[in-house]
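Novice: Quick one, run03.txt (compact mmCIF, C-alpha atoms and all ligand atoms):
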# COMPACT_ATOMS: atom_id res chain seq x y z
CA MET A 1 8.91 35.57 -33.76
CA SER A 2 5.13 35.73 -33.48
CA THR A 3 3.40 34.04 -30.58
CA ALA A 4 -0.16 32.70 -30.94
CA ALA A 5 -2.79 34.48 -28.85
CA ARG A 6 -3.68 32.37 -25.83
CA PHE A 7 -6.92 30.45 -26.22
CA ASP A 8 -9.64 32.15 -24.22
CA PHE A 9 -12.00 29.79 -22.38
CA ALA A 10 -13.87 32.58 -20.60
CA PRO A 11 -16.63 33.10 -23.21
CA LEU A 12 -17.42 29.37 -23.11
CA LEU A 13 -18.02 29.09 -19.37
CA PRO A 14 -21.67 28.62 -18.40
CA ALA A 15 -23.29 30.99 -15.93
CA GLY A 16 -23.37 29.98 -12.29
CA LEU A 17 -19.94 28.39 -11.99
CA PRO A 18 -18.29 28.81 -8.61
CA ALA A 19 -15.46 31.35 -8.37
CA PRO A 20 -12.20 29.99 -9.78
CA ALA A 21 -9.93 28.21 -7.31
CA ALA A 22 -6.69 29.81 -6.16
CA ARG A 23 -3.51 27.91 -6.89
CA TRP A 24 -2.31 25.64 -4.08
CA THR A 25 0.47 27.37 -2.22
CA GLY A 26 1.08 24.74 0.44
CA LEU A 27 0.02 24.39 4.05
CA ALA A 28 0.66 27.21 6.51
CA LYS A 29 3.51 26.71 8.98
CA TYR A 30 0.95 26.45 11.78
CA SER A 31 -2.16 24.92 10.22
CA PHE A 32 -5.34 24.75 12.29
CA VAL A 33 -7.59 24.42 9.24
CA GLY A 34 -9.45 21.65 7.48
CA GLY A 35 -10.39 18.22 8.71
CA ASN A 36 -6.88 16.78 8.63
CA ILE A 37 -5.95 14.18 11.20
CA ASP A 38 -2.74 13.34 13.07
CA PRO A 39 -0.12 12.04 10.58
CA ASP A 40 1.52 9.97 13.33
CA GLN A 41 -1.75 8.11 13.89
CA VAL A 42 -2.16 6.82 10.34
CA PRO A 43 -1.57 3.05 10.68
CA VAL A 44 0.80 2.97 7.72
CA ASP A 45 2.51 -0.38 8.36
CA ALA A 46 -0.72 -2.22 9.11
CA LEU A 47 -2.34 -0.70 6.00
CA LEU A 48 0.62 -1.86 3.93
CA ASP A 49 0.33 -5.39 5.29
CA ALA A 50 -3.42 -5.35 4.71
CA LEU A 51 -3.09 -4.14 1.14
CA SER A 52 -0.40 -6.64 0.35
CA ALA A 53 -2.41 -9.54 1.78
CA VAL A 54 -5.66 -8.62 0.05
CA LEU A 55 -3.98 -7.99 -3.29
CA LYS A 56 -2.19 -11.33 -3.20
CA ARG A 57 -5.49 -13.05 -2.48
CA GLU A 58 -7.94 -11.08 -4.61
CA GLY A 59 -5.88 -8.76 -6.82
CA LYS A 60 -7.16 -10.28 -10.04
CA MET A 61 -10.57 -8.87 -9.25
CA LEU A 62 -9.19 -5.45 -10.19
CA ALA A 63 -9.79 -6.54 -13.79
CA THR A 64 -13.48 -5.92 -13.28
CA TYR A 65 -15.21 -2.58 -12.60
CA GLY A 66 -16.52 -2.57 -9.04
CA LEU A 67 -14.45 -5.72 -8.30
CA ALA A 68 -17.48 -7.69 -9.50
CA HIS A 69 -19.17 -6.79 -6.20
CA GLY A 70 -21.63 -4.42 -7.84
CA PRO A 71 -21.99 -0.65 -7.73
CA GLN A 72 -22.45 -0.46 -3.94
CA GLY A 73 -18.79 -1.28 -3.28
CA TYR A 74 -16.43 -4.01 -2.08
CA ARG A 75 -18.58 -6.46 -0.17
CA PRO A 76 -16.19 -7.28 2.71
CA LEU A 77 -16.01 -3.55 3.50
CA ARG A 78 -19.79 -3.30 3.54
CA GLU A 79 -19.94 -6.39 5.76
CA PHE A 80 -17.48 -4.78 8.19
CA LEU A 81 -19.58 -1.61 8.18
CA ALA A 82 -22.86 -3.43 8.77
CA ALA A 83 -21.36 -5.18 11.83
CA LYS A 84 -19.72 -2.00 13.13
CA LEU A 85 -22.86 0.12 12.68
CA LYS A 86 -24.86 -2.47 14.59
CA ARG A 87 -22.31 -2.70 17.42
CA ASP A 88 -21.52 1.02 17.84
CA ALA A 89 -24.55 2.92 16.56
CA GLY A 90 -27.34 0.36 16.96
CA ILE A 91 -28.18 0.44 13.25
CA ALA A 92 -29.76 -2.77 12.00
CA CYS A 93 -28.76 -2.97 8.35
CA THR A 94 -27.14 -5.44 6.00
CA ASP A 95 -24.42 -4.91 3.43
CA ASP A 96 -27.18 -4.45 0.83
CA ASP A 97 -28.34 -1.27 2.62
CA ILE A 98 -24.88 0.31 2.37
CA MET A 99 -23.23 2.10 -0.53
CA VAL A 100 -19.50 2.88 -0.43
CA VAL A 101 -18.74 6.32 -1.87
CA SER A 102 -15.68 8.49 -2.56
CA GLY A 103 -15.67 10.26 0.80
CA SER A 104 -18.81 11.43 2.52
CA LEU A 105 -18.63 14.56 0.36
CA GLN A 106 -19.83 12.34 -2.48
CA ALA A 107 -22.59 11.17 -0.15
CA LEU A 108 -23.66 14.80 0.32
CA ASP A 109 -23.66 15.28 -3.45
CA LEU A 110 -25.71 12.14 -4.10
CA VAL A 111 -28.31 12.90 -1.44
CA ASN A 112 -28.59 16.48 -2.67
CA ALA A 113 -28.82 15.45 -6.33
CA THR A 114 -31.59 13.00 -5.44
CA LEU A 115 -33.70 15.33 -3.32
CA LEU A 116 -32.98 18.97 -4.08
CA THR A 117 -33.85 21.46 -6.74
CA ARG A 118 -33.33 25.23 -6.87
CA GLY A 119 -35.67 27.06 -4.52
CA ASP A 120 -36.08 24.11 -2.10
CA THR A 121 -35.67 24.62 1.64
CA VAL A 122 -33.59 22.60 4.08
CA LEU A 123 -33.10 22.86 7.84
CA ILE A 124 -29.55 22.74 9.10
CA GLU A 125 -27.64 23.45 12.30
CA GLN A 126 -26.83 27.16 12.46
CA GLU A 127 -23.14 26.37 12.90
CA THR A 128 -22.30 23.61 10.49
CA TYR A 129 -19.88 22.01 8.08
CA GLN A 130 -18.77 24.46 5.44
CA GLY A 131 -18.77 21.74 2.77
CA ALA A 132 -22.48 21.10 3.37
CA LEU A 133 -23.33 24.79 3.49
CA ASN A 134 -21.47 25.70 0.30
CA ARG A 135 -23.13 22.91 -1.62
CA LEU A 136 -26.58 24.12 -0.60
CA THR A 137 -25.79 27.74 -1.46
CA ARG A 138 -24.50 26.71 -4.85
CA LEU A 139 -27.66 24.67 -5.53
CA GLY A 140 -29.80 27.74 -4.83
CA VAL A 141 -31.46 26.09 -1.84
CA ASN A 142 -32.90 28.14 1.05
CA VAL A 143 -31.04 27.25 4.18
CA VAL A 144 -32.78 27.72 7.51
CA GLY A 145 -30.27 27.65 10.39
CA ILE A 146 -31.43 26.14 13.67
CA PRO A 147 -29.55 27.44 16.74
CA LEU A 148 -27.47 25.10 18.86
CA ASP A 149 -26.68 24.94 22.56
CA GLN A 150 -24.19 22.76 24.46
CA GLU A 151 -26.28 19.70 23.59
CA GLY A 152 -26.53 20.33 19.87
CA MET A 153 -29.52 21.38 17.77
CA ARG A 154 -32.28 22.97 19.87
CA MET A 155 -35.52 21.07 19.42
CA ASP A 156 -37.70 24.04 20.45
CA ALA A 157 -36.12 26.04 17.63
CA LEU A 158 -36.51 23.16 15.18
CA ALA A 159 -40.19 22.79 16.10
CA ALA A 160 -40.73 26.54 15.68
CA ALA A 161 -39.00 26.60 12.29
CA LEU A 162 -41.02 23.63 11.01
CA ALA A 163 -44.28 25.21 12.20
CA ASP A 164 -43.36 28.54 10.64
CA LEU A 165 -42.49 26.95 7.30
CA LYS A 166 -45.69 24.95 7.34
CA ARG A 167 -47.72 28.14 7.87
CA ARG A 168 -46.02 29.49 4.76
CA GLY A 169 -46.79 26.32 2.81
CA VAL A 170 -43.17 25.15 2.68
CA THR A 171 -42.19 21.52 3.27
CA PRO A 172 -38.41 21.35 3.77
CA LYS A 173 -36.59 18.57 1.95
CA TYR A 174 -34.55 17.43 4.92
CA ILE A 175 -33.15 18.21 8.36
CA TYR A 176 -29.35 17.98 8.05
CA THR A 177 -27.59 17.26 11.31
CA ILE A 178 -24.14 16.27 12.58
CA PRO A 179 -25.46 14.89 15.86
CA THR A 180 -22.49 12.91 17.16
CA VAL A 181 -19.60 15.32 17.73
CA GLN A 182 -20.96 18.28 15.87
CA ASN A 183 -18.76 20.19 13.43
CA PRO A 184 -17.69 22.80 14.52
CA THR A 185 -19.08 22.93 18.08
CA GLY A 186 -18.18 19.40 19.28
CA SER A 187 -21.52 18.67 21.00
CA ILE A 188 -23.30 15.32 21.10
CA LEU A 189 -27.08 15.36 20.67
CA PRO A 190 -28.60 13.42 23.59
CA GLU A 191 -30.92 10.49 22.94
CA THR A 192 -33.99 12.43 24.11
CA ARG A 193 -33.39 15.15 21.53
CA ARG A 194 -32.84 12.50 18.87
CA ALA A 195 -36.24 11.08 19.73
CA GLU A 196 -37.79 14.56 19.58
CA MET A 197 -36.22 15.18 16.20
CA LEU A 198 -37.69 11.94 14.88
CA LYS A 199 -41.10 12.89 16.22
CA LEU A 200 -40.93 16.22 14.42
CA SER A 201 -39.63 14.50 11.29
CA GLN A 202 -42.64 12.20 11.30
CA GLN A 203 -45.13 14.95 12.20
CA TYR A 204 -44.01 17.23 9.35
CA GLY A 205 -43.03 14.56 6.81
CA VAL A 206 -39.43 15.77 6.62
CA PRO A 207 -36.60 13.21 6.50
CA VAL A 208 -33.48 13.43 8.65
CA PHE A 209 -30.08 13.51 6.97
CA GLU A 210 -27.64 12.28 9.63
CA ASP A 211 -23.93 12.96 9.05
CA ASP A 212 -21.99 10.87 11.56
CA CYS A 213 -18.42 11.22 10.32
CA TYR A 214 -16.90 12.06 13.75
CA ALA A 215 -18.85 9.44 15.71
CA ASP A 216 -15.80 7.23 16.33
CA LEU A 217 -13.81 10.04 17.92
CA ILE A 218 -15.45 10.34 21.35
CA TRP A 219 -13.15 10.60 24.38
CA ASN A 220 -15.09 8.17 26.54
CA GLY A 221 -16.17 6.00 23.59
CA GLN A 222 -19.83 6.35 24.63
CA ARG A 223 -22.28 7.45 22.00
CA PRO A 224 -26.08 7.55 21.84
CA PRO A 225 -27.71 5.35 19.22
CA ALA A 226 -27.74 6.80 15.72
CA ILE A 227 -30.91 8.65 14.76
CA HIS A 228 -31.17 6.09 11.97
CA ALA A 229 -31.20 3.32 14.59
CA MET A 230 -33.99 4.99 16.58
CA SER A 231 -36.22 5.64 13.60
CA ARG A 232 -39.35 3.56 13.14
CA HIS A 233 -40.49 5.28 9.94
CA GLY A 234 -37.38 4.70 7.82
CA GLY A 235 -37.06 8.40 7.01
CA VAL A 236 -33.39 8.73 7.92
CA ILE A 237 -30.41 8.78 5.58
CA HIS A 238 -27.20 8.05 7.46
CA ILE A 239 -23.72 8.81 6.16
CA GLY A 240 -20.27 8.15 7.56
CA SER A 241 -16.62 8.15 6.61
CA PHE A 242 -13.21 6.61 7.21
CA SER A 243 -11.63 10.06 6.81
CA LYS A 244 -11.49 10.86 10.51
CA SER A 245 -10.89 7.38 11.90
CA ILE A 246 -8.27 6.18 9.39
CA ALA A 247 -7.24 8.84 6.84
CA PRO A 248 -9.00 11.54 4.79
CA ALA A 249 -6.83 11.12 1.69
CA LEU A 250 -8.22 7.59 1.20
CA ARG A 251 -11.54 9.13 0.16
CA VAL A 252 -13.83 6.40 1.46
CA GLY A 253 -17.23 7.13 2.94
CA PHE A 254 -20.60 5.38 2.96
CA ILE A 255 -24.35 5.84 2.88
CA VAL A 256 -27.03 3.81 4.65
CA ALA A 257 -30.39 4.46 3.08
CA PRO A 258 -33.65 2.72 2.27
CA TRP A 259 -33.74 1.16 -1.20
CA GLU A 260 -36.15 3.82 -2.46
CA MET A 261 -33.36 6.39 -1.96
CA MET A 262 -30.43 4.03 -2.57
CA SER A 263 -31.73 3.00 -5.99
CA ARG A 264 -32.04 6.66 -7.01
CA MET A 265 -28.57 7.50 -5.74
CA LEU A 266 -27.08 4.50 -7.53
CA ALA A 267 -28.55 5.81 -10.76
CA LEU A 268 -26.73 9.09 -10.12
CA LYS A 269 -23.37 7.55 -9.11
CA THR A 270 -22.00 7.28 -12.61
CA ASP A 271 -18.28 7.08 -11.77
CA ALA A 272 -18.09 3.30 -12.24
CA GLY A 273 -17.20 2.72 -8.59
CA SER A 274 -15.08 4.34 -5.89
CA GLY A 275 -11.35 3.49 -5.64
CA ALA A 276 -10.91 -0.25 -5.17
CA LEU A 277 -7.47 -0.38 -3.50
CA GLU A 278 -8.65 1.85 -0.66
CA GLN A 279 -11.76 -0.25 -0.09
CA MET A 280 -9.78 -3.49 -0.12
CA ALA A 281 -7.08 -2.19 2.21
CA LEU A 282 -9.67 -0.76 4.61
CA ALA A 283 -11.71 -3.96 4.77
CA GLU A 284 -8.61 -6.04 5.39
CA PHE A 285 -7.26 -3.61 8.03
CA CYS A 286 -10.50 -2.78 9.80
CA ALA A 287 -11.89 -6.24 10.45
CA PRO A 288 -9.04 -7.16 12.83
CA HIS A 289 -7.70 -3.73 13.88
CA PHE A 290 -10.38 -1.00 13.87
CA SER A 291 -11.54 -1.45 17.44
CA THR A 292 -8.00 -1.29 18.87
CA HIS A 293 -6.92 1.52 16.52
CA VAL A 294 -9.66 3.97 17.52
CA PRO A 295 -9.00 4.25 21.30
CA LYS A 296 -5.31 4.94 20.56
CA LEU A 297 -6.35 7.61 18.11
CA THR A 298 -8.75 9.33 20.51
CA ARG A 299 -6.22 9.28 23.37
CA GLY A 300 -3.76 11.13 21.15
CA LEU A 301 -6.40 13.61 19.99
CA ARG A 302 -7.50 14.33 23.55
CA LYS A 303 -3.90 15.16 24.51
CA LYS A 304 -3.63 17.58 21.61
CA LEU A 305 -6.91 19.20 22.61
CA ASP A 306 -5.55 19.67 26.14
CA THR A 307 -2.45 21.34 24.70
CA LEU A 308 -4.60 23.64 22.57
CA MET A 309 -6.88 24.62 25.44
CA GLU A 310 -3.85 25.27 27.68
CA ALA A 311 -2.20 27.38 24.97
CA LEU A 312 -5.37 29.41 24.46
CA ASN A 313 -5.77 29.99 28.21
CA GLU A 314 -2.16 31.00 28.48
CA GLN A 315 -2.10 33.29 25.45
CA PHE A 316 -5.63 34.68 25.29
CA GLY A 317 -6.75 34.36 28.91
CA THR A 318 -10.46 35.02 29.28
CA ALA A 319 -10.62 36.57 25.79
CA ALA A 320 -10.97 33.09 24.27
CA GLU A 321 -14.14 31.27 25.31
CA PHE A 322 -14.87 27.66 24.44
CA GLU A 323 -16.61 24.51 25.59
CA ASP A 324 -14.50 21.42 26.16
CA PRO A 325 -15.69 19.27 23.20
CA LYS A 326 -16.69 15.64 23.81
CA GLY A 327 -14.59 14.37 20.95
CA GLY A 328 -13.49 15.11 17.41
CA ILE A 329 -10.73 17.26 15.99
CA PHE A 330 -12.05 20.83 16.36
CA LEU A 331 -12.35 23.53 18.97
CA TRP A 332 -14.93 26.28 18.34
CA VAL A 333 -13.66 29.46 19.93
CA LYS A 334 -15.46 32.73 20.70
CA LEU A 335 -13.30 35.87 20.78
CA PRO A 336 -14.47 39.31 21.96
CA ASP A 337 -17.11 40.97 19.74
CA ASN A 338 -14.70 43.46 18.19
CA VAL A 339 -12.65 40.67 16.60
CA ASP A 340 -13.58 39.98 12.99
CA THR A 341 -12.20 36.51 12.32
CA LEU A 342 -12.31 36.97 8.53
CA LYS A 343 -9.80 39.80 9.00
CA LEU A 344 -7.90 37.87 11.65
CA TYR A 345 -7.66 34.96 9.20
CA GLN A 346 -5.89 37.15 6.60
CA ALA A 347 -3.50 38.74 9.08
CA ALA A 348 -2.71 35.41 10.77
CA LEU A 349 -2.06 33.70 7.45
CA ALA A 350 0.53 36.35 6.60
CA ALA A 351 2.25 35.36 9.88
CA GLY A 352 2.10 31.64 9.02
CA VAL A 353 -0.99 30.65 11.04
CA ALA A 354 -4.08 29.28 9.31
CA ILE A 355 -7.47 29.33 11.09
CA ASN A 356 -11.02 28.77 9.88
CA PRO A 357 -12.99 32.01 10.30
CA GLY A 358 -16.40 31.55 11.93
CA PRO A 359 -18.63 33.10 9.24
CA GLU A 360 -17.64 30.30 6.83
CA TRP A 361 -19.04 27.74 9.29
CA SER A 362 -22.26 29.51 10.14
CA VAL A 363 -25.59 30.20 8.48
CA ASN A 364 -25.76 33.29 10.70
CA LYS A 365 -22.78 35.36 9.54
CA PRO A 366 -22.92 38.01 12.34
CA HIS A 367 -22.98 35.19 14.93
CA GLY A 368 -19.90 33.63 13.33
CA ARG A 369 -18.03 36.95 13.01
CA SER A 370 -16.02 36.76 16.23
CA ARG A 371 -15.74 32.97 16.27
CA MET A 372 -13.17 30.65 14.75
CA ARG A 373 -12.67 26.93 14.30
CA LEU A 374 -9.32 25.39 15.18
CA CYS A 375 -8.37 21.87 14.10
CA PHE A 376 -6.00 20.44 16.70
CA ALA A 377 -5.43 17.02 15.13
CA SER A 378 -2.80 17.71 12.51
CA PRO A 379 -0.30 20.16 14.14
CA THR A 380 2.22 18.76 16.64
CA HIS A 381 2.04 19.80 20.32
CA ASP A 382 4.90 22.20 19.72
CA GLU A 383 3.22 23.67 16.64
CA ILE A 384 0.01 24.12 18.60
CA ARG A 385 1.82 26.12 21.30
CA LYS A 386 3.83 28.23 18.88
CA GLY A 387 0.93 28.72 16.49
CA ILE A 388 -1.40 29.95 19.24
CA ALA A 389 1.30 32.28 20.59
CA THR A 390 1.69 33.79 17.10
CA LEU A 391 -2.08 34.02 16.68
CA ALA A 392 -2.37 35.90 19.98
CA GLU A 393 0.29 38.36 18.86
CA VAL A 394 -1.45 38.99 15.54
CA CYS A 395 -4.84 39.31 17.22
CA HIS A 396 -3.43 41.76 19.76
CA ARG A 397 -1.83 43.84 17.02
CA GLU A 398 -5.00 43.92 14.86
CA PHE A 399 -7.75 44.10 17.49
CA GLY A 400 -6.11 44.86 20.85
CA VAL A 401 -7.16 41.39 21.97
CA PRO A 402 -5.95 39.87 24.22
CA ALA A 403 -5.04 43.00 26.17
CA ARG A 404 -3.21 41.07 28.88
CA ILE A 405 -1.48 37.72 28.75
CA SER A 406 -0.40 35.91 31.90
CA ASN A 407 -0.76 39.24 33.71
CA VAL A 408 1.58 40.90 31.24
CA THR A 409 0.12 43.90 29.46
CA ARG A 410 1.08 43.66 25.79
C1 LIG B 501 -19.54 16.99 8.89
C2 LIG B 501 -18.71 16.52 7.75
N1 LIG B 501 -19.29 15.80 6.78
C3 LIG B 501 -18.58 15.36 5.74
C4 LIG B 501 -17.23 15.64 5.62
C5 LIG B 501 -16.51 15.15 4.41
O1 LIG B 501 -15.64 14.13 4.72
P1 LIG B 501 -15.07 13.08 3.69
O2 LIG B 501 -15.55 13.44 2.31
O3 LIG B 501 -13.60 13.17 3.80
O4 LIG B 501 -15.63 11.77 4.14
C6 LIG B 501 -16.58 16.37 6.61
C7 LIG B 501 -15.14 16.67 6.49
O5 LIG B 501 -14.52 17.35 7.26
C8 LIG B 501 -17.35 16.84 7.70
O6 LIG B 501 -16.80 17.56 8.67
Show this structure as structure tokens.
Ligand SMILES: Cc1ncc(COP(=O)(O)O)c(C=O)c1O
Specialist:
Amino acid sequence: MSTAARFDFAPLLPAGLPAPAARWTGLAKYSFVGGNIDPDQVPVDALLDALSAVLKREGKMLATYGLAHGPQGYRPLREFLAAKLKRDAGIACTDDDIMVVSGSLQALDLVNATLLTRGDTVLIEQETYQGALNRLTRLGVNVVGIPLDQEGMRMDALAAALADLKRRGVTPKYIYTIPTVQNPTGSILPETRRAEMLKLSQQYGVPVFEDDCYADLIWNGQRPPAIHAMSRHGGVIHIGSFSKSIAPALRVGFIVAPWEMMSRMLALKTDAGSGALEQMALAEFCAPHFSTHVPKLTRGLRKKLDTLMEALNEQFGTAAEFEDPKGGIFLWVKLPDNVDTLKLYQAALAAGVAINPGPEWSVNKPHGRSRMRLCFASPTHDEIRKGIATLAEVCHREFGVPARISNVTR
């Protein structure tokens, strides 16, 4: 029996595609990767009630693209956001200044598609969100990494980079920052630095692109005003998400931008609207429950962080260095210089532990080499302890680090 030769797509693929994806093989037994949250903190019952109530009341609107609320998204959700942004972040905007998008990743794509072309330059925190970094690399954009300290992006370094680029005749397209619980370092940019950033933004004519998706997850609930809120010149694009406060699989994020940018991004958002059920359920849930849900969530996250820091101290001793982050779901860990976390990642994965190797979260690959990012939100307390114990064993076997654990030489 003859079999037909398999159709070959390879000659048809245009140049410049990203490398093909690997097949999904499931989560590792001990998964410290990605931006997943705590499954026990998803308000499933309340979301069910919310969805049921809103569908009974307004379900017939699903007959119309965009629920007849226009391309910027379900209006009650935008109204909730406008009130929340005013209360928590000091942003004075109305629902007309907000666009609901399919996760803040779509926000990154829309802002980039509106502003960037190959060969452009952007300024970005040296340690940053891999999703932002990969997009820029793929677009052929020059990425200038600005070093961070415990308080976030260093303004002296930002000023020096802007001055240097100006001398070379380069005007960057934006300053991308995650100022409120930085990914991966967990810092919060103080108000004074925010003001300095805005001054530099104005001086050099470079807008600020503020990614605030962790801003709800602060242990003491205290946050500085958003950079957007402090701006007098309107040169700030602000994005946020429900992924970290409610659930990432919902895929609901948002953009606050002046109409000059919003109108351009709307012209590029050609997907006929983001998922309606998610927007309806969120609006119905959030209006009465968001402000009581979040403190519960952060209390649980803080406990998991404590477990992770204890486990690291116990298993790695002084070999693992880290700052106690002010919120969020990640711990950024420095291991001794001889540890290559890209290699550690491979060896740990074979033992059932998934970590994010530092170089993937850094513009400065040598700086990221001995660092790793650990997400503590999704594993259980027990998984955190066991996963870190396994990681220490693998790291000891591969790199001789840690040499001693709890005064026991390995
Ligand atoms: C800084 C930052 N921005 C954006 C995103 C994308 O989030 P989402 O598309 O789920 O809203 C993430 C996800 O981890 C992130 O860490």
Novice: Give me the box for ligand LIG 501 (chain B) as AutoDock Vina command-line options, namely the centre and edge lengths in Å to one decimal of a box along x, y and z that holds every listed atom plus 3 Å on each side.
Specialist:
--center_x -16.6 --center_y 14.7 --center_z 5.6 --size_x 11.9 --size_y 11.8 --size_z 12.6
Novice: Got a sec to check which residues lie within 8 Å of ligand LIG 501 (chain B), using all atoms listed in the file, and send them as a ChimeraX atom specification?
Specialist: /A:34-36,102-108,128-132,178,182-184,211-214,240-244,248-249,251-253
Novice: Export, as a PDB file, in the coordinates of the input, the selected residues with C-alpha atoms.
Specialist:
ATOM      1  CA  GLY A  34      -9.450  21.650   7.480  1.00  0.00           C
ATOM      2  CA  GLY A  35     -10.390  18.220   8.710  1.00  0.00           C
ATOM      3  CA  ASN A  36      -6.880  16.780   8.630  1.00  0.00           C
ATOM      4  CA  SER A 102     -15.680   8.490  -2.560  1.00  0.00           C
ATOM      5  CA  GLY A 103     -15.670  10.260   0.800  1.00  0.00           C
ATOM      6  CA  SER A 104     -18.810  11.430   2.520  1.00  0.00           C
ATOM      7  CA  LEU A 105     -18.630  14.560   0.360  1.00  0.00           C
ATOM      8  CA  GLN A 106     -19.830  12.340  -2.480  1.00  0.00           C
ATOM      9  CA  ALA A 107     -22.590  11.170  -0.150  1.00  0.00           C
ATOM     10  CA  LEU A 108     -23.660  14.800   0.320  1.00  0.00           C
ATOM     11  CA  THR A 128     -22.300  23.610  10.490  1.00  0.00           C
ATOM     12  CA  TYR A 129     -19.880  22.010   8.080  1.00  0.00           C
ATOM     13  CA  GLN A 130     -18.770  24.460   5.440  1.00  0.00           C
ATOM     14  CA  GLY A 131     -18.770  21.740   2.770  1.00  0.00           C
ATOM     15  CA  ALA A 132     -22.480  21.100   3.370  1.00  0.00           C
ATOM     16  CA  ILE A 178     -24.140  16.270  12.580  1.00  0.00           C
ATOM     17  CA  GLN A 182     -20.960  18.280  15.870  1.00  0.00           C
ATOM     18  CA  ASN A 183     -18.760  20.190  13.430  1.00  0.00           C
ATOM     19  CA  PRO A 184     -17.690  22.800  14.520  1.00  0.00           C
ATOM     20  CA  ASP A 211     -23.930  12.960   9.050  1.00  0.00           C
ATOM     21  CA  ASP A 212     -21.990  10.870  11.560  1.00  0.00           C
ATOM     22  CA  CYS A 213     -18.420  11.220  10.320  1.00  0.00           C
ATOM     23  CA  TYR A 214     -16.900  12.060  13.750  1.00  0.00           C
ATOM     24  CA  GLY A 240     -20.270   8.150   7.560  1.00  0.00           C
ATOM     25  CA  SER A 241     -16.620   8.150   6.610  1.00  0.00           C
ATOM     26  CA  PHE A 242     -13.210   6.610   7.210  1.00  0.00           C
ATOM     27  CA  SER A 243     -11.630  10.060   6.810  1.00  0.00           C
ATOM     28  CA  LYS A 244     -11.490  10.860  10.510  1.00  0.00           C
ATOM     29  CA  PRO A 248      -9.000  11.540   4.790  1.00  0.00           C
ATOM     30  CA  ALA A 249      -6.830  11.120   1.690  1.00  0.00           C
ATOM     31  CA  ARG A 251     -11.540   9.130   0.160  1.00  0.00           C
ATOM     32  CA  VAL A 252     -13.830   6.400   1.460  1.00  0.00           C
ATOM     33  CA  GLY A 253     -17.230   7.130   2.940  1.00  0.00           C
TER      34      GLY A 253
END
Novice: What would the list of residues within 10 Å of (-1.8, 36.6, 20.7) (file frame) look like as an MDAnalysis selection string, if only C-alpha atoms are what count?
Specialist: chainID A and resid 312 314:317 387:398 400:405 410
Novice: Interatomic distance between CA of Ala311 (chain A) and CA of Phe376 (chain A)?
Specialist: 11.4 Å
Novice: Excluding Met280 (chain A) and its own-chain neighbours fewer than 6 positions away, which residues fall within 10 Å of it when counting only C-alpha atoms? Please give them as a list in words.
Specialist: Ala50, Leu51, Ser52, Ala53, Val54, Leu55, Glu58, Gly59, Leu67, Gly73, Tyr74, Arg75, Pro76, Leu77 and Cys286 of chain A
Novice: So the first atom is CA of Met372 (chain A) and the second is CA of Pro336 (chain A); what is the distance between them in Å, to one decimal place?
Specialist: 11.3 Å
Novice: Rounded to one decimal place, report the CA of Pro258 (chain A)-CA of Leu162 (chain A) distance in Å.
Specialist: 23.8 Å
Novice: Given the choices A:Ile227, A:Leu250, A:Ala348, A:Val339, which gets closest to Gly90 (chain A) if the distance is worked out from only C-alpha atoms?
Specialist: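 With only C-alpha atoms as the atom set, the closest residue is A:Ile227.
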Novice: Let me make sure I understand: among A:Leu115, A:Leu335, A:Leu374, A:Leu277, which one has the smallest atom-to-atom distance to Leu47 (chain A) if we use all atoms listed in the file?
Specialist: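 Of A:Leu115, A:Leu335, A:Leu374, A:Leu277, the one nearest Leu47 (chain A), counting all atoms listed in the file, is A:Leu277.
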Novice: Considering all atoms listed in the file, state which residue in the set A:Gly275, A:Gly16, A:Gly119, A:Gly186 is at the smallest distance from Val170 (chain A).
Specialist: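 Closest residue, counting all atoms listed in the file: A:Gly119.
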Novice: Please determine, counting only C-alpha atoms, which residue among A:Val33, A:Val208, A:Ala247, A:Ile146 has the shortest atom-to-atom distance to Phe330 (chain A).
Specialist: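 Of A:Val33, A:Val208, A:Ala247, A:Ile146, the one nearest Phe330 (chain A) is A:Val33, counting only C-alpha atoms.
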Novice: I'd like to know which of A:Ser370, A:Gln41, A:Ser362, A:Asn220 is closest to Ile246 (chain A), using only C-alpha atoms.
Specialist: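 Closest residue, counting only C-alpha atoms: A:Gln41.
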Novice: Would you tabulate, counting only C-alpha atoms, all residues of region 182-212 of chain A that have an atom at most 7 Å from an atom of region 151-155 of chain A, showing the closest pair of atoms and their distance in Å to one decimal, sorted by chain then ascending number, as CSV?
Specialist:
residue,atom,partner,partner_atom,distance
A:Ser187,CA,A:Gly152,CA,5.4
A:Ile188,CA,A:Glu151,CA,5.9
A:Leu189,CA,A:Gly152,CA,5.1
A:Pro190,CA,A:Glu151,CA,6.7
A:Arg193,CA,A:Met155,CA,6.6
A:Glu196,CA,A:Met155,CA,6.9
A:Met197,CA,A:Met155,CA,6.7
Novice: Deliver the residues from the most recent selection as a file, using C-alpha atoms, as a PDB file, keeping the file's coordinate frame.
Specialist:
ATOM      1  CA  SER A 187     -21.520  18.670  21.000  1.00  0.00           C
ATOM      2  CA  ILE A 188     -23.300  15.320  21.100  1.00  0.00           C
ATOM      3  CA  LEU A 189     -27.080  15.360  20.670  1.00  0.00           C
ATOM      4  CA  PRO A 190     -28.600  13.420  23.590  1.00  0.00           C
ATOM      5  CA  ARG A 193     -33.390  15.150  21.530  1.00  0.00           C
ATOM      6  CA  GLU A 196     -37.790  14.560  19.580  1.00  0.00           C
ATOM      7  CA  MET A 197     -36.220  15.180  16.200  1.00  0.00           C
TER       8      MET A 197
END
Novice: Using only C-alpha atoms, which residue out of A:Ala46, A:Leu116, A:Leu148, A:Ala350 lies closest to Pro172 (chain A)?
Specialist: A:Leu116
